[in-house]
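Engineer: work22.pdb is the file, holding PDB, C-alpha atoms and all ligand atoms:
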ATOM      1  CA  MET A 256     155.619 145.710 102.639
ATOM      2  CA  THR A 257     156.588 144.445 106.094
ATOM      3  CA  SER A 258     155.295 140.941 105.470
ATOM      4  CA  ARG A 259     156.168 139.441 102.124
ATOM      5  CA  THR A 260     153.106 137.229 102.091
ATOM      6  CA  VAL A 261     150.456 137.917  99.506
ATOM      7  CA  GLY A 262     147.069 136.230  99.213
ATOM      8  CA  VAL A 263     145.425 135.446  95.898
ATOM      9  CA  VAL A 264     141.759 134.473  95.847
ATOM     10  CA  GLY A 265     140.973 132.254  92.877
ATOM     11  CA  ALA A 266     143.175 129.571  91.308
ATOM     12  CA  GLY A 267     141.779 129.911  87.776
ATOM     13  CA  THR A 268     143.644 131.263  84.748
ATOM     14  CA  MET A 269     144.109 134.763  86.179
ATOM     15  CA  GLY A 270     144.533 133.729  89.819
ATOM     16  CA  ASN A 271     147.229 131.147  89.178
ATOM     17  CA  GLY A 272     149.051 133.531  86.827
ATOM     18  CA  ILE A 273     148.999 136.262  89.488
ATOM     19  CA  ALA A 274     150.198 133.813  92.163
ATOM     20  CA  GLN A 275     153.035 132.796  89.837
ATOM     21  CA  VAL A 276     154.299 136.335  89.155
ATOM     22  CA  PHE A 277     154.295 137.195  92.877
ATOM     23  CA  ALA A 278     156.200 133.990  93.679
ATOM     24  CA  GLN A 279     158.650 134.714  90.848
ATOM     25  CA  ALA A 280     159.259 138.135  92.441
ATOM     26  CA  GLY A 281     160.141 136.450  95.759
ATOM     27  CA  PHE A 282     156.868 136.745  97.673
ATOM     28  CA  ASP A 283     155.316 133.928  99.646
ATOM     29  CA  VAL A 284     151.864 133.335  98.225
ATOM     30  CA  ILE A 285     148.734 131.741  99.632
ATOM     31  CA  MET A 286     146.377 130.904  96.786
ATOM     32  CA  ALA A 287     142.817 130.317  97.974
ATOM     33  CA  ASP A 288     139.951 128.657  96.155
ATOM     34  CA  VAL A 289     136.793 126.812  97.116
ATOM     35  CA  SER A 290     137.974 123.293  96.372
ATOM     36  CA  GLN A 291     141.168 121.279  96.509
ATOM     37  CA  SER A 292     140.633 120.210  92.890
ATOM     38  CA  ALA A 293     140.567 123.874  91.759
ATOM     39  CA  LEU A 294     143.797 124.469  93.704
ATOM     40  CA  ASP A 295     145.415 121.377  92.168
ATOM     41  CA  ARG A 296     144.519 122.573  88.656
ATOM     42  CA  GLY A 297     145.918 126.046  89.447
ATOM     43  CA  LEU A 298     149.174 124.628  90.829
ATOM     44  CA  ALA A 299     149.520 122.346  87.782
ATOM     45  CA  ALA A 300     149.074 125.355  85.470
ATOM     46  CA  ILE A 301     151.826 127.203  87.362
ATOM     47  CA  SER A 302     154.207 124.230  87.043
ATOM     48  CA  ASN A 303     153.401 124.035  83.361
ATOM     49  CA  SER A 304     154.051 127.740  82.805
ATOM     50  CA  LEU A 305     157.326 127.549  84.785
ATOM     51  CA  SER A 306     158.516 124.574  82.723
ATOM     52  CA  ARG A 307     158.016 126.668  79.578
ATOM     53  CA  LEU A 308     160.292 129.291  81.135
ATOM     54  CA  VAL A 309     162.848 126.611  82.086
ATOM     55  CA  LYS A 310     162.770 125.172  78.561
ATOM     56  CA  LYS A 311     163.414 128.645  77.172
ATOM     57  CA  GLY A 312     166.350 129.118  79.566
ATOM     58  CA  THR A 313     164.698 132.070  81.376
ATOM     59  CA  LEU A 314     164.709 130.074  84.647
ATOM     60  CA  THR A 315     166.813 127.221  85.987
ATOM     61  CA  ASP A 316     165.244 124.014  87.327
ATOM     62  CA  ASN A 317     166.237 125.021  90.866
ATOM     63  CA  GLU A 318     164.632 128.452  90.527
ATOM     64  CA  ALA A 319     161.415 126.870  89.299
ATOM     65  CA  VAL A 320     161.381 124.503  92.290
ATOM     66  CA  LEU A 321     161.973 127.443  94.654
ATOM     67  CA  ILE A 322     159.139 129.463  93.057
ATOM     68  CA  VAL A 323     156.702 126.559  93.409
ATOM     69  CA  SER A 324     157.748 126.099  97.049
ATOM     70  CA  ARG A 325     156.678 129.693  97.793
ATOM     71  CA  ILE A 326     153.064 128.998  96.805
ATOM     72  CA  ARG A 327     150.678 127.134  99.038
ATOM     73  CA  GLY A 328     147.006 126.463  98.485
ATOM     74  CA  SER A 329     144.154 126.897 100.934
ATOM     75  CA  THR A 330     140.406 126.427 100.849
ATOM     76  CA  ARG A 331     139.859 128.913 103.713
ATOM     77  CA  LEU A 332     139.939 132.702 103.369
ATOM     78  CA  ALA A 333     140.764 132.817 107.093
ATOM     79  CA  ASP A 334     144.249 131.552 106.158
ATOM     80  CA  LEU A 335     144.910 134.919 104.468
ATOM     81  CA  ALA A 336     144.772 136.767 107.821
ATOM     82  CA  ALA A 337     148.514 137.561 107.889
ATOM     83  CA  CYS A 338     148.752 138.841 104.303
ATOM     84  CA  GLU A 339     149.691 142.471 103.680
ATOM     85  CA  LEU A 340     147.927 142.344 100.332
ATOM     86  CA  VAL A 341     145.165 140.144  98.961
ATOM     87  CA  VAL A 342     144.450 140.112  95.225
ATOM     88  CA  GLU A 343     141.000 138.795  94.418
ATOM     89  CA  ALA A 344     140.739 137.002  91.072
ATOM     90  CA  ALA A 345     137.600 134.943  91.590
ATOM     91  CA  THR A 346     134.756 134.414  89.126
ATOM     92  CA  GLU A 347     133.642 137.667  87.466
ATOM     93  CA  ASN A 348     130.332 137.822  89.324
ATOM     94  CA  ALA A 349     129.430 140.727  91.605
ATOM     95  CA  GLN A 350     127.580 138.571  94.165
ATOM     96  CA  ILE A 351     130.481 136.157  94.503
ATOM     97  CA  LYS A 352     132.950 139.038  94.793
ATOM     98  CA  GLU A 353     130.830 140.833  97.389
ATOM     99  CA  LYS A 354     130.746 137.728  99.565
ATOM    100  CA  ILE A 355     134.527 137.315  99.256
ATOM    101  CA  PHE A 356     135.322 140.972 100.007
ATOM    102  CA  ARG A 357     133.032 141.071 103.037
ATOM    103  CA  GLU A 358     134.626 137.900 104.392
ATOM    104  CA  LEU A 359     138.161 139.116 103.616
ATOM    105  CA  ALA A 360     137.512 142.395 105.443
ATOM    106  CA  SER A 361     136.451 140.411 108.498
ATOM    107  CA  VAL A 362     139.602 138.253 108.598
ATOM    108  CA  VAL A 363     142.448 140.625 107.633
ATOM    109  CA  PRO A 364     143.548 143.753 109.544
ATOM    110  CA  ALA A 365     142.476 147.197 108.279
ATOM    111  CA  SER A 366     146.041 147.753 107.022
ATOM    112  CA  THR A 367     145.799 144.917 104.464
ATOM    113  CA  ILE A 368     145.323 146.204 100.929
ATOM    114  CA  LEU A 369     142.424 144.539  99.158
ATOM    115  CA  ALA A 370     142.948 144.502  95.390
ATOM    116  CA  SER A 371     140.633 143.107  92.753
ATOM    117  CA  ASN A 372     141.568 141.782  89.341
ATOM    118  CA  THR A 373     138.040 142.487  88.116
ATOM    119  CA  SER A 374     137.859 143.368  84.426
ATOM    120  CA  SER A 375     134.520 145.127  84.603
ATOM    121  CA  ILE A 376     133.052 145.632  88.076
ATOM    122  CA  SER A 377     133.268 149.144  89.558
ATOM    123  CA  LEU A 378     136.056 149.415  92.141
ATOM    124  CA  THR A 379     134.074 152.147  93.876
ATOM    125  CA  THR A 380     131.240 149.659  94.384
ATOM    126  CA  ILE A 381     133.666 147.000  95.635
ATOM    127  CA  ALA A 382     135.272 149.472  98.069
ATOM    128  CA  ALA A 383     131.836 150.317  99.482
ATOM    129  CA  TRP A 384     131.425 146.655 100.564
ATOM    130  CA  VAL A 385     134.245 146.792 103.117
ATOM    131  CA  THR A 386     135.422 148.647 106.187
ATOM    132  CA  SER A 387     138.366 151.003 105.503
ATOM    133  CA  PRO A 388     137.453 151.349 101.793
ATOM    134  CA  GLU A 389     140.555 153.493 101.184
ATOM    135  CA  ARG A 390     142.604 150.230 101.016
ATOM    136  CA  VAL A 391     140.670 148.922  97.998
ATOM    137  CA  ILE A 392     142.157 149.203  94.505
ATOM    138  CA  GLY A 393     141.981 147.528  91.109
ATOM    139  CA  MET A 394     144.981 145.518  89.953
ATOM    140  CA  HIS A 395     143.981 144.346  86.501
ATOM    141  CA  PHE A 396     146.424 141.830  85.075
ATOM    142  CA  MET A 397     146.271 140.666  81.464
ATOM    143  CA  ASN A 398     146.090 137.089  80.203
ATOM    144  CA  PRO A 399     148.552 135.288  80.045
ATOM    145  CA  VAL A 400     149.705 136.989  83.259
ATOM    146  CA  PRO A 401     153.331 135.735  83.253
ATOM    147  CA  VAL A 402     153.830 137.115  79.731
ATOM    148  CA  MET A 403     151.881 140.382  79.545
ATOM    149  CA  GLN A 404     153.680 143.539  80.706
ATOM    150  CA  LEU A 405     150.718 145.633  81.801
ATOM    151  CA  VAL A 406     149.059 146.049  85.167
ATOM    152  CA  GLU A 407     146.107 148.415  84.822
ATOM    153  CA  ILE A 408     145.706 150.029  88.247
ATOM    154  CA  ILE A 409     142.227 151.347  88.935
ATOM    155  CA  ARG A 410     141.626 153.889  91.678
ATOM    156  CA  ALA A 411     138.215 153.689  93.299
ATOM    157  CA  LEU A 412     136.743 156.989  94.421
ATOM    158  CA  GLN A 413     137.745 155.936  97.963
ATOM    159  CA  THR A 414     141.316 154.680  97.207
ATOM    160  CA  SER A 415     143.942 156.538  99.270
ATOM    161  CA  ASP A 416     147.165 157.932  97.826
ATOM    162  CA  ASP A 417     149.090 155.587 100.118
ATOM    163  CA  THR A 418     147.280 152.481  98.792
ATOM    164  CA  HIS A 419     147.896 153.637  95.241
ATOM    165  CA  ALA A 420     151.594 154.366  95.847
ATOM    166  CA  ARG A 421     152.139 150.934  97.397
ATOM    167  CA  ILE A 422     150.423 149.072  94.562
ATOM    168  CA  HIS A 423     152.253 151.121  91.940
ATOM    169  CA  ALA A 424     155.606 150.268  93.560
ATOM    170  CA  LEU A 425     154.633 146.632  93.943
ATOM    171  CA  SER A 426     153.668 146.323  90.275
ATOM    172  CA  LEU A 427     157.139 147.580  89.343
ATOM    173  CA  GLU A 428     158.627 145.042  91.750
ATOM    174  CA  LEU A 429     156.780 142.320  89.816
ATOM    175  CA  GLY A 430     158.574 143.496  86.678
ATOM    176  CA  LYS A 431     155.334 144.851  85.227
ATOM    177  CA  THR A 432     154.495 148.278  83.828
ATOM    178  CA  PRO A 433     151.659 149.897  85.776
ATOM    179  CA  VAL A 434     149.235 152.374  84.220
ATOM    180  CA  THR A 435     146.786 154.097  86.556
ATOM    181  CA  VAL A 436     143.271 154.906  85.393
ATOM    182  CA  LYS A 437     140.127 156.209  87.044
ATOM    183  CA  ASP A 438     137.179 153.964  87.798
ATOM    184  CA  GLY A 439     134.827 153.901  84.806
ATOM    185  CA  ALA A 440     133.075 150.989  83.062
ATOM    186  CA  GLY A 441     135.604 148.789  81.268
ATOM    187  CA  PHE A 442     138.443 151.001  82.596
ATOM    188  CA  VAL A 443     140.694 151.767  79.609
ATOM    189  CA  SER A 444     141.641 148.242  78.508
ATOM    190  CA  ASN A 445     138.199 146.775  77.996
ATOM    191  CA  ARG A 446     136.560 150.071  76.985
ATOM    192  CA  VAL A 447     138.793 149.996  73.915
ATOM    193  CA  LEU A 448     139.397 146.254  73.400
ATOM    194  CA  MET A 449     135.867 144.863  73.711
ATOM    195  CA  PRO A 450     134.171 147.165  71.172
ATOM    196  CA  MET A 451     136.941 146.182  68.729
ATOM    197  CA  ILE A 452     136.274 142.476  69.315
ATOM    198  CA  ASN A 453     132.522 143.088  69.080
ATOM    199  CA  GLU A 454     132.980 144.957  65.792
ATOM    200  CA  ALA A 455     135.034 142.059  64.416
ATOM    201  CA  ALA A 456     132.135 139.763  65.379
ATOM    202  CA  PHE A 457     129.729 142.071  63.489
ATOM    203  CA  VAL A 458     131.964 141.940  60.398
ATOM    204  CA  LEU A 459     131.840 138.132  60.554
ATOM    205  CA  TYR A 460     128.075 138.166  61.251
ATOM    206  CA  GLU A 461     127.552 140.352  58.173
ATOM    207  CA  ASN A 462     129.596 137.856  56.127
ATOM    208  CA  LEU A 463     132.050 140.499  54.948
ATOM    209  CA  ALA A 464     135.012 138.160  55.444
ATOM    210  CA  THR A 465     135.946 134.864  57.103
ATOM    211  CA  ALA A 466     137.166 134.759  60.700
ATOM    212  CA  GLU A 467     140.674 133.936  59.452
ATOM    213  CA  ASP A 468     140.668 136.892  57.050
ATOM    214  CA  ILE A 469     139.358 139.334  59.657
ATOM    215  CA  ASP A 470     142.132 138.266  62.007
ATOM    216  CA  THR A 471     144.752 138.426  59.246
ATOM    217  CA  VAL A 472     143.765 142.024  58.467
ATOM    218  CA  MET A 473     144.336 143.016  62.075
ATOM    219  CA  LYS A 474     147.530 140.948  62.463
ATOM    220  CA  LEU A 475     149.286 141.971  59.272
ATOM    221  CA  GLY A 476     147.663 145.368  58.829
ATOM    222  CA  MET A 477     147.887 146.620  62.392
ATOM    223  CA  ASN A 478     150.618 144.422  63.831
ATOM    224  CA  HIS A 479     148.382 142.863  66.506
ATOM    225  CA  PRO A 480     149.976 139.644  67.832
ATOM    226  CA  ILE A 481     146.729 137.750  67.287
ATOM    227  CA  GLY A 482     143.496 138.791  65.602
ATOM    228  CA  PRO A 483     140.456 140.019  67.586
ATOM    229  CA  LEU A 484     138.417 136.841  67.052
ATOM    230  CA  ALA A 485     141.257 134.543  68.142
ATOM    231  CA  LEU A 486     141.790 136.858  71.121
ATOM    232  CA  ALA A 487     138.088 136.657  72.003
ATOM    233  CA  ASP A 488     138.417 132.849  72.008
ATOM    234  CA  LEU A 489     141.429 133.184  74.341
ATOM    235  CA  ILE A 490     139.614 135.531  76.736
ATOM    236  CA  GLY A 491     136.349 133.523  76.640
ATOM    237  CA  LEU A 492     133.275 134.603  74.673
ATOM    238  CA  ASP A 493     131.147 134.635  77.841
ATOM    239  CA  THR A 494     133.562 137.145  79.403
ATOM    240  CA  CYS A 495     133.517 139.298  76.243
ATOM    241  CA  LEU A 496     129.700 139.264  76.181
ATOM    242  CA  SER A 497     129.403 140.086  79.845
ATOM    243  CA  ILE A 498     131.774 143.070  79.477
ATOM    244  CA  MET A 499     129.858 144.370  76.418
ATOM    245  CA  ASP A 500     126.622 144.083  78.409
ATOM    246  CA  ILE A 501     128.160 146.076  81.271
ATOM    247  CA  LEU A 502     129.379 148.832  78.899
ATOM    248  CA  HIS A 503     125.915 148.927  77.312
ATOM    249  CA  ARG A 504     124.169 149.112  80.666
ATOM    250  CA  GLU A 505     126.515 151.689  82.203
ATOM    251  CA  PHE A 506     126.728 154.105  79.261
ATOM    252  CA  ARG A 507     123.214 153.443  77.920
ATOM    253  CA  ASP A 508     124.688 153.896  74.464
ATOM    254  CA  SER A 509     123.678 151.576  71.608
ATOM    255  CA  LYS A 510     127.219 151.628  70.232
ATOM    256  CA  TYR A 511     128.024 149.049  72.924
ATOM    257  CA  ARG A 512     125.265 146.573  71.973
ATOM    258  CA  ALA A 513     126.625 143.023  71.782
ATOM    259  CA  CYS A 514     126.753 141.429  68.341
ATOM    260  CA  PRO A 515     123.954 138.825  67.978
ATOM    261  CA  LEU A 516     126.528 136.264  66.817
ATOM    262  CA  LEU A 517     128.437 136.678  70.084
ATOM    263  CA  VAL A 518     125.193 136.240  72.030
ATOM    264  CA  GLN A 519     124.349 133.080  70.058
ATOM    265  CA  LEU A 520     127.767 131.497  70.422
ATOM    266  CA  VAL A 521     127.606 131.981  74.191
ATOM    267  CA  ALA A 522     124.044 130.579  74.298
ATOM    268  CA  ALA A 523     125.319 127.503  72.437
ATOM    269  CA  GLY A 524     128.117 127.040  74.962
ATOM    270  CA  HIS A 525     130.767 127.851  72.354
ATOM    271  CA  LEU A 526     132.905 129.897  74.704
ATOM    272  CA  GLY A 527     136.262 129.778  72.907
ATOM    273  CA  ARG A 528     139.391 127.822  73.763
ATOM    274  CA  LYS A 529     138.123 126.657  77.130
ATOM    275  CA  SER A 530     135.152 124.827  75.550
ATOM    276  CA  GLY A 531     137.007 123.676  72.425
ATOM    277  CA  LYS A 532     134.960 125.884  70.110
ATOM    278  CA  GLY A 533     134.245 129.589  69.665
ATOM    279  CA  PHE A 534     134.944 131.622  66.546
ATOM    280  CA  TYR A 535     137.424 128.797  65.821
ATOM    281  CA  ARG A 536     137.611 125.068  66.636
ATOM    282  CA  TYR A 537     140.416 123.800  68.897
TER     283      TYR A 537
HETATM  284  N1  LIG A 601     153.502 131.128  80.810
HETATM  285  C1  LIG A 601     154.771 131.380  80.396
HETATM  286  N2  LIG A 601     155.083 131.684  79.125
HETATM  287  C2  LIG A 601     154.087 131.730  78.231
HETATM  288  C3  LIG A 601     152.726 131.498  78.583
HETATM  289  C4  LIG A 601     152.462 131.186  79.933
HETATM  290  N3  LIG A 601     151.227 130.964  80.384
HETATM  291  N4  LIG A 601     151.971 131.652  77.474
HETATM  292  C5  LIG A 601     152.788 131.987  76.467
HETATM  293  N5  LIG A 601     154.068 132.032  76.920
HETATM  294  C6  LIG A 601     155.259 132.402  76.168
HETATM  295  C7  LIG A 601     155.720 131.317  75.246
HETATM  296  O1  LIG A 601     156.586 130.405  75.898
HETATM  297  C8  LIG A 601     156.435 132.099  74.150
HETATM  298  O2  LIG A 601     157.728 132.482  74.579
HETATM  299  P1  LIG A 601     158.910 132.755  73.504
HETATM  300  O3  LIG A 601     158.354 133.662  72.441
HETATM  301  O4  LIG A 601     159.982 133.421  74.330
HETATM  302  O5  LIG A 601     159.246 131.420  73.004
HETATM  303  C9  LIG A 601     155.631 133.375  74.065
HETATM  304  O6  LIG A 601     154.922 133.505  75.310
HETATM  305  C10 LIG A 601     154.684 133.340  72.913
HETATM  306  O7  LIG A 601     153.840 132.189  73.048
HETATM  307  P2  LIG A 601     153.466 131.203  71.845
HETATM  308  O8  LIG A 601     154.610 131.058  70.917
HETATM  309  O9  LIG A 601     152.861 129.986  72.463
HETATM  310  O10 LIG A 601     152.249 131.887  71.092
HETATM  311  P3  LIG A 601     152.104 133.328  70.496
HETATM  312  O11 LIG A 601     153.331 133.779  69.802
HETATM  313  O12 LIG A 601     150.796 133.322  69.782
HETATM  314  O13 LIG A 601     151.945 134.263  71.774
HETATM  315  C11 LIG A 601     150.525 135.354  73.291
HETATM  316  C12 LIG A 601     150.952 134.025  72.724
HETATM  317  C13 LIG A 601     151.660 135.962  74.107
HETATM  318  C14 LIG A 601     149.343 135.070  74.191
HETATM  319  C15 LIG A 601     150.187 136.314  72.111
HETATM  320  O14 LIG A 601     149.304 135.665  71.255
HETATM  321  C16 LIG A 601     149.565 137.589  72.559
HETATM  322  O15 LIG A 601     150.228 138.527  72.983
HETATM  323  N6  LIG A 601     148.222 137.666  72.464
HETATM  324  C17 LIG A 601     147.451 138.807  72.924
HETATM  325  C18 LIG A 601     147.186 138.630  74.377
HETATM  326  C19 LIG A 601     146.293 139.707  74.920
HETATM  327  O16 LIG A 601     145.869 140.626  74.247
HETATM  328  N7  LIG A 601     145.986 139.594  76.204
HETATM  329  C20 LIG A 601     145.090 140.498  76.853
HETATM  330  C21 LIG A 601     143.740 139.914  76.841
HETATM  331  S1  LIG A 601     142.599 140.966  77.651
HETATM  332  C22 LIG A 601     142.735 140.583  79.242
HETATM  333  O17 LIG A 601     143.443 139.713  79.658
HETATM  334  C23 LIG A 601     141.991 141.412  80.194
HETATM  335  C24 LIG A 601     140.536 141.335  80.213
HETATM  336  O18 LIG A 601     139.979 141.983  81.094
HETATM  337  C25 LIG A 601     139.696 140.590  79.304
END
Now, as a test, write the supplied structure out as structure tokens.

Structural biologist:
Amino acid sequence: MTSRTVGVVGAGTMGNGIAQVFAQAGFDVIMADVSQSALDRGLAAISNSLSRLVKKGTLTDNEAVLIVSRIRGSTRLADLAACELVVEAATENAQIKEKIFRELASVVPASTILASNTSSISLTTIAAWVTSPERVIGMHFMNPVPVMQLVEIIRALQTSDDTHARIHALSLELGKTPVTVKDGAGFVSNRVLMPMINEAAFVLYENLATAEDIDTVMKLGMNHPIGPLALADLIGLDTCLSIMDILHREFRDSKYRACPLLVQLVAAGHLGRKSGKGFYRY
């Protein structure tokens, strides 16, 4: 990249994590969100995550200060005009993303790569929203971004080899391991993960075992770091439900129907860790 400035749209859990890993890799980062309070929360989360790394001895105090100094917030997408790459990590809603991509395409040059961290929206559809669609690609980070090794790279039908090569190299530069997949509902990660979480919800719904026991089976029996129900609470039950609904709609296959318990928990506002209650209480 000629310019080392990267834009990140969205200061939420994924956006601030992505901003952090770019800053840790030496990039200047402009993190954009709609309000100053959202930016302040994102910056506080980054400081918090960096202090964990300092406490562990992975970073020094000075390095953490330097990393923070590379990140600045903005409430205007126009401020991303000089970025060579923009990673969109806004709310997982197609209308919101369409508005952002159309605006981004009008403020950045055609050479700027436009990546999305979407976990479920078709990259081919996103690419069709903008001019020069060959510069659109999926860069799907995993939560918590600073910790998880994977970047799932998704090629839209329109993505050029050059865009893909640059994002592959960049992911390595971030210290991540990229895996490239084709554009299909749920990509690979959520096509496999979400039906497993949904099945765990069915097992609970059918009263075959407690949430704790279901998770223990998967932790101790399959060596998963946390069980599927605890993971669902970490991801957010609304996100899990919305991805199941997309798989169901796209493949028109009843094997992807969302578990009624998942639907009910979301209707009750029990969304997992972020709301204090999901399959577990926090
Ligand atoms: N920033 C920096 N470090 C962090 C961190 C953060 N935000 N969160 C956790 N860590 C570090 C901790 O400091 C700790 O480090 P050490 O082991 O070196 O001390 C380590 O990560 C483990 O953390 P904890 O001890 O707090 O807790 P844990 O052992 O339960 O691990 C976890 C937490 C890494 C999240 C682990 O539970 C895990 O791997 N869970 C599965 C996560 C997963 O599957 N993510 C993918 C979700 S799917 C997704 O994101 C995509 C989608 O589209 C839905």

Engineer: If we draw a sphere of 12 Å around (137.1, 158.6, 92.8), which residues have at least one atom in it when counting only C-alpha atoms? Please report them as an MDAnalysis selection string.

Structural biologist: chainID A and resid 377:380 382:383 388:389 391:392 409:416 436:439

Engineer: What does the file look like for those residues with C-alpha atoms, as a PDB file, in the coordinates of the input?

Structural biologist:
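Wrote it out as out-v7.pdb, contents follow:
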ATOM      1  CA  SER A 377     133.268 149.144  89.558  1.00  0.00           C
ATOM      2  CA  LEU A 378     136.056 149.415  92.141  1.00  0.00           C
ATOM      3  CA  THR A 379     134.074 152.147  93.876  1.00  0.00           C
ATOM      4  CA  THR A 380     131.240 149.659  94.384  1.00  0.00           C
ATOM      5  CA  ALA A 382     135.272 149.472  98.069  1.00  0.00           C
ATOM      6  CA  ALA A 383     131.836 150.317  99.482  1.00  0.00           C
ATOM      7  CA  PRO A 388     137.453 151.349 101.793  1.00  0.00           C
ATOM      8  CA  GLU A 389     140.555 153.493 101.184  1.00  0.00           C
ATOM      9  CA  VAL A 391     140.670 148.922  97.998  1.00  0.00           C
ATOM     10  CA  ILE A 392     142.157 149.203  94.505  1.00  0.00           C
ATOM     11  CA  ILE A 409     142.227 151.347  88.935  1.00  0.00           C
ATOM     12  CA  ARG A 410     141.626 153.889  91.678  1.00  0.00           C
ATOM     13  CA  ALA A 411     138.215 153.689  93.299  1.00  0.00           C
ATOM     14  CA  LEU A 412     136.743 156.989  94.421  1.00  0.00           C
ATOM     15  CA  GLN A 413     137.745 155.936  97.963  1.00  0.00           C
ATOM     16  CA  THR A 414     141.316 154.680  97.207  1.00  0.00           C
ATOM     17  CA  SER A 415     143.942 156.538  99.270  1.00  0.00           C
ATOM     18  CA  ASP A 416     147.165 157.932  97.826  1.00  0.00           C
ATOM     19  CA  VAL A 436     143.271 154.906  85.393  1.00  0.00           C
ATOM     20  CA  LYS A 437     140.127 156.209  87.044  1.00  0.00           C
ATOM     21  CA  ASP A 438     137.179 153.964  87.798  1.00  0.00           C
ATOM     22  CA  GLY A 439     134.827 153.901  84.806  1.00  0.00           C
TER      23      GLY A 439
END

Engineer: Applying the PyMOL selection byres (((not hetatm)) within 9 of (chain A and resi 601)) to the file I just gave you, which residues come out? Please list them as a PyMOL selection string.

Structural biologist: chain A and resi 268-269+272+300-301+303-308+310-311+313+372-375+395-403+441+444-445+448-449+479-483+485-487+489-491+494-495+498

Engineer: Smallest atom-to-atom distance to Tyr537 of chain A: which of A:Val406, A:Asp488, A:Val289, A:Val521, using all atoms listed in the file?

Structural biologist: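 Answer, going by the shortest atom-to-atom distance: A:Asp488.
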
Engineer: Taking the file above as input, evaluate the PyMOL selection byres (((chain A and resi 261-267) around 6) and not hetatm) and report the hits as a PyMOL selection string.

Structural biologist: chain A and resi 260+268-271+284-288+294+297+335+338+340-345

Engineer: Which of these residues is nearest to Val443 of chain A, using all atoms listed in the file: A:Ala455, A:Val385, A:Leu502, A:Val363?

Structural biologist: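 Among the listed residues, A:Leu502 lies closest to Val443 of chain A.
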
Engineer: As a list in words, please: the residues near Ser324 of chain A (cut-off 10 Å, only C-alpha atoms, same-chain neighbours under 3 positions excluded).

Structural biologist: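 Close residues of Ser324 of chain A: Ala278, Asp283, Val284, Glu318, Ala319, Val320, Leu321 and Arg327 of chain A.
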
Engineer: Under the rule that all atoms listed in the file are counted, which of A:Ser292, A:Asn462, A:Thr386, A:Asn453 is the nearest residue to Leu517 of chain A?

Structural biologist: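 Among A:Ser292, A:Asn462, A:Thr386, A:Asn453, it is A:Asn453 that comes nearest to Leu517 of chain A.
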
Engineer: Using only C-alpha atoms, which of A:Asp508, A:Asp500, A:Glu454, A:Asp493 sits nearest His525 of chain A?

Structural biologist: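 Selected residue with least distance to His525 of chain A: A:Asp493.
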
Engineer: Listed atoms of segment 382-387 of chain A, axis-aligned box, 3 Å per side: centre and edge lengths to one decimal in Å, as AutoDock Vina command-line options?

Structural biologist:
--center_x 134.9 --center_y 148.8 --center_z 102.1 --size_x 12.9 --size_y 10.3 --size_z 14.1

Engineer: One number please: atom CA of Ser371 of chain A to atom CA of Leu425 of chain A, in Å, one decimal.

Structural biologist: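 Taking atom CA of Ser371 of chain A and atom CA of Leu425 of chain A, their separation equals 14.5 Å.
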
Engineer: Have a look at A:Asp334, A:Ile376, A:Asp468, A:Asn317 and name the one nearest to Gln350 of chain A; count all atoms listed in the file.

Structural biologist: A:Ile376

Engineer: Which distance in Å separates atom CA of Gly527 of chain A and atom CA of Leu484 of chain A, to one decimal?

Structural biologist: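 Taking atom CA of Gly527 of chain A as the start and atom CA of Leu484 of chain A as the end point, the length is 9.4 Å.
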
Engineer: I'd like the interatomic distance between atom CA of Thr435 of chain A and atom CA of Ile501 of chain A, to a tenth of an Å.

Structural biologist: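 Separation of atom CA of Thr435 of chain A and atom CA of Ile501 of chain A: 21.0 Å.
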
Engineer: For each of A:Thr330, A:Ser387, A:Ser530, A:Asn348, take the minimum atom-to-atom distance to Ile368 of chain A, counting all atoms listed in the file, then give the residue where this is smallest.

Structural biologist: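 Between A:Thr330, A:Ser387, A:Ser530, A:Asn348, the residue approaching Ile368 of chain A most closely is A:Ser387.
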
Engineer: Please evaluate the PyMOL selection byres (((chain A and resi 362) around 9) and not hetatm) against the structure above and give the resulting residues as a list in words.

Structural biologist: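 When the PyMOL selection byres (((chain A and resi 362) around 9) and not hetatm) is applied to the shown file, the picked residues are Leu332, Ala333, Asp334, Leu335, Ala336, Ala337, Glu358, Leu359, Ala360, Ser361, Val363 and Pro364 of chain A.
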